[in-house]
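Written below as C-alpha cells is the structure these notes are about.
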Amino acid sequence: FLMGPTHPIEPEWAKGSIAAVTSSLESFGMTIVEAMRCGLPVVATDCPHGPAEIVRPGVDGRLVPMGDADAVAGALLGLINDDELRHRMGRAALADSARFDPAHIGARYESILRDLVGKGSRGLHRTRASLLSGAYAVKDALANTGPGVLQGGRTA
C-alpha cells in the first residue's frame, strides 16, 4: 500500500522511526534531509551523488551497496531491533540536518553569486557552461541517449 503524494511531508515523517531511501541515482537526496530534519535515522543505498554526501554511516544512518536487498534488510533490521541505537542515530540525524537548513544554504548561494558577480561576466559564463554541461550529461545518461547511443539504447 502506497499512500500517494502528501503535503506537507513532515507530519508523515514524524510518524516514522526509520527512513529507507533505496534510489539508484540521486541528484541530491532531499528526501534524506527531510527525514533527518524530523529526527529519523536513514538507511540509504550508496548511489551516485547525494546519500554519501548527507548520511554519516554509523552516526545518523547507514549506507548500503546499491542492488543489495539483503544489506538494506539487514540495516533496517539492525535499527528496528536496537532501540537505543535507533534513537541515538535519530538525535544525530536531527542535529546533522542543521547544515542543510534553507537559511544556511541560501546564505551560501548568495555568497557564491556575490563572488561570481565580483569576477565579472567571465566567471559567470564559465560557471553557467559548467552547470549546463553537467545537466546535459545527467539528462543524456538518464535518457540513455548519450553520445554514440541511438534512440532505444542501441549503440551507433
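Residues in the C-alpha cells are named by chain (A, B, ... in the order shown) and by number from 1 within that chain; ligands are numbered from 1 in the order shown.
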Apply DSSP to the structure's backbone, then extract all residues of range 15-154 of chain A labelled alpha helix (DSSP H) and return them as a PyMOL selection string. chain A and resi 30-37+51-54+69-80+83-96+102-118+121-143
List the neighbours of Gly74 in chain A out to 12 Å using only C-alpha atoms; skip same-chain residues closer than 4 positions along the sequence, and give me the result as a list in words. Ala20, Val43, Ala44, Arg62, Leu63, Val64, Pro65, Asp68, Ala69, Asp70, Gly78, Leu79, Ile80 and Asn81 of chain A
Let me see the file: selected residues, all heavy atoms, as an mmCIF file, in the first residue's frame.
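Wrote selection-v1.cif, looks like this:
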```cif
data_model
loop_
_atom_site.group_PDB
_atom_site.id
_atom_site.type_symbol
_atom_site.label_atom_id
_atom_site.label_comp_id
_atom_site.auth_asym_id
_atom_site.auth_seq_id
_atom_site.Cartn_x
_atom_site.Cartn_y
_atom_site.Cartn_z
ATOM 1 N N ALA A 20 13.875 4.843 4.809
ATOM 2 C CA ALA A 20 14.561 3.966 3.865
ATOM 3 C C ALA A 20 14.535 4.632 2.498
ATOM 4 O O ALA A 20 13.462 4.956 1.985
ATOM 5 C CB ALA A 20 13.885 2.601 3.799
ATOM 6 N N VAL A 43 18.447 4.748 6.294
ATOM 7 C CA VAL A 43 19.119 3.651 5.613
ATOM 8 C C VAL A 43 18.993 3.965 4.136
ATOM 9 O O VAL A 43 17.879 4.075 3.610
ATOM 10 C CB VAL A 43 18.476 2.285 5.934
ATOM 11 C CG1 VAL A 43 19.067 1.196 5.052
ATOM 12 C CG2 VAL A 43 18.643 1.950 7.410
ATOM 13 N N ALA A 44 20.127 4.171 3.466
ATOM 14 C CA ALA A 44 20.106 4.576 2.060
ATOM 15 C C ALA A 44 21.110 3.767 1.254
ATOM 16 O O ALA A 44 22.151 3.356 1.766
ATOM 17 C CB ALA A 44 20.429 6.067 1.933
ATOM 18 N N ARG A 62 22.743 4.620 7.863
ATOM 19 C CA ARG A 62 23.539 3.548 7.260
ATOM 20 C C ARG A 62 23.521 3.696 5.746
ATOM 21 O O ARG A 62 22.492 4.037 5.170
ATOM 22 C CB ARG A 62 22.960 2.182 7.593
ATOM 23 C CG ARG A 62 22.712 1.903 9.037
ATOM 24 C CD ARG A 62 23.877 1.254 9.645
ATOM 25 N NE ARG A 62 23.572 1.038 11.066
ATOM 26 C CZ ARG A 62 24.336 0.399 11.877
ATOM 27 N NH1 ARG A 62 25.446 -0.114 11.439
ATOM 28 N NH2 ARG A 62 24.020 0.261 13.129
ATOM 29 N N LEU A 63 24.654 3.434 5.127
ATOM 30 C CA LEU A 63 24.735 3.355 3.674
ATOM 31 C C LEU A 63 24.984 1.905 3.299
ATOM 32 O O LEU A 63 25.821 1.241 3.904
ATOM 33 C CB LEU A 63 25.873 4.223 3.134
ATOM 34 C CG LEU A 63 25.683 5.728 3.236
ATOM 35 C CD1 LEU A 63 26.936 6.456 2.747
ATOM 36 C CD2 LEU A 63 24.476 6.187 2.436
ATOM 37 N N VAL A 64 24.231 1.427 2.319
ATOM 38 C CA VAL A 64 24.378 0.040 1.880
ATOM 39 C C VAL A 64 24.640 0.022 0.378
ATOM 40 O O VAL A 64 24.278 0.961 -0.328
ATOM 41 C CB VAL A 64 23.122 -0.795 2.229
ATOM 42 C CG1 VAL A 64 22.912 -0.851 3.738
ATOM 43 C CG2 VAL A 64 21.891 -0.242 1.547
ATOM 44 N N PRO A 65 25.268 -1.035 -0.123
ATOM 45 C CA PRO A 65 25.546 -1.109 -1.569
ATOM 46 C C PRO A 65 24.252 -1.123 -2.389
ATOM 47 O O PRO A 65 23.256 -1.707 -1.976
ATOM 48 C CB PRO A 65 26.299 -2.424 -1.730
ATOM 49 C CG PRO A 65 26.786 -2.782 -0.366
ATOM 50 C CD PRO A 65 25.811 -2.184 0.602
ATOM 51 N N ASP A 68 21.670 -4.400 -3.335
ATOM 52 C CA ASP A 68 21.839 -5.450 -2.326
ATOM 53 C C ASP A 68 20.670 -5.412 -1.348
ATOM 54 O O ASP A 68 20.726 -4.767 -0.300
ATOM 55 C CB ASP A 68 23.171 -5.261 -1.598
ATOM 56 C CG ASP A 68 23.531 -6.434 -0.708
ATOM 57 O OD1 ASP A 68 22.623 -7.220 -0.345
ATOM 58 O OD2 ASP A 68 24.729 -6.556 -0.356
ATOM 59 N N ALA A 69 19.581 -6.108 -1.707
ATOM 60 C CA ALA A 69 18.370 -6.123 -0.883
ATOM 61 C C ALA A 69 18.643 -6.681 0.512
ATOM 62 O O ALA A 69 18.059 -6.223 1.491
ATOM 63 C CB ALA A 69 17.274 -6.921 -1.576
ATOM 64 N N ASP A 70 19.539 -7.665 0.605
ATOM 65 C CA ASP A 70 19.864 -8.236 1.912
ATOM 66 C C ASP A 70 20.546 -7.205 2.810
ATOM 67 O O ASP A 70 20.297 -7.166 4.019
ATOM 68 C CB ASP A 70 20.760 -9.469 1.767
ATOM 69 C CG ASP A 70 20.029 -10.653 1.158
ATOM 70 O OD1 ASP A 70 18.776 -10.706 1.273
ATOM 71 O OD2 ASP A 70 20.701 -11.521 0.569
ATOM 72 N N GLY A 78 18.678 -4.047 11.818
ATOM 73 C CA GLY A 78 19.611 -3.625 12.864
ATOM 74 C C GLY A 78 19.079 -2.444 13.652
ATOM 75 O O GLY A 78 19.218 -2.383 14.878
ATOM 76 N N LEU A 79 18.443 -1.495 12.964
ATOM 77 C CA LEU A 79 17.869 -0.339 13.654
ATOM 78 C C LEU A 79 16.531 -0.668 14.317
ATOM 79 O O LEU A 79 16.221 -0.158 15.391
ATOM 80 C CB LEU A 79 17.700 0.828 12.678
ATOM 81 C CG LEU A 79 19.003 1.479 12.217
ATOM 82 C CD1 LEU A 79 18.739 2.501 11.112
ATOM 83 C CD2 LEU A 79 19.720 2.130 13.377
ATOM 84 N N ILE A 80 15.744 -1.522 13.689
ATOM 85 C CA ILE A 80 14.460 -1.923 14.277
ATOM 86 C C ILE A 80 14.690 -2.639 15.601
ATOM 87 O O ILE A 80 13.973 -2.418 16.578
ATOM 88 C CB ILE A 80 13.678 -2.835 13.298
ATOM 89 C CG1 ILE A 80 13.165 -2.016 12.116
ATOM 90 C CG2 ILE A 80 12.525 -3.556 14.010
ATOM 91 C CD1 ILE A 80 12.613 -2.850 10.964
ATOM 92 N N ASN A 81 15.711 -3.489 15.635
ATOM 93 C CA ASN A 81 15.959 -4.323 16.814
ATOM 94 C C ASN A 81 16.821 -3.667 17.884
ATOM 95 O O ASN A 81 17.072 -4.284 18.920
ATOM 96 C CB ASN A 81 16.596 -5.651 16.383
ATOM 97 C CG ASN A 81 15.629 -6.499 15.583
ATOM 98 O OD1 ASN A 81 14.435 -6.533 15.864
ATOM 99 N ND2 ASN A 81 16.139 -7.164 14.559
#
```
If we count only C-alpha atoms, what is near range 4-15 of chain A at a cut-off of 8 Å, once residues fewer than 4 positions away on the same chain are taken out, given as number ranges by chain? A: 19, 34-35, 38-40
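Counting only C-alpha atoms and comparing A:Met30, A:Leu2, A:Gly90, A:Ser130, the residue that lies closest to Gly16 in chain A is A:Gly90.
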Rounded to one decimal place, report the CA of Val59 in chain A-CA of Ala92 in chain A distance in Å.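 Here the two named atoms are 6.5 Å from each other.
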Using only C-alpha atoms for the distances, tell me which of A:Gly61, A:Gly134, A:Gly67, A:Gly118 is nearest to Ser97 in chain A.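 The shortest atom-to-atom distance to Ser97 in chain A comes from A:Gly61.
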Would you mind writing down, as a ChimeraX atom specification, each residue of range 1-134 of chain A that DSSP on the backbone assigns to strand (DSSP E or B)? /A:19-21,42-45,57,61-64
What is the distance, in Å and to one decimal place, between CA of Val42 in chain A and CA of Ile18 in chain A?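 Taking CA of Val42 in chain A and CA of Ile18 in chain A, their separation equals 6.0 Å.
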Any idea what the distance is between CA of Met89 in chain A and CA of Pro41 in chain A?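 Result for CA of Met89 in chain A versus CA of Pro41 in chain A: 5.3 Å, one decimal.
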Fewer than 6 positions away in the same chain doesn't count, so skip those; otherwise give me all residues within 8 Å of Phe28 in chain A, counting only C-alpha atoms, as a VMD selection string. chain A and resid 49 to 51
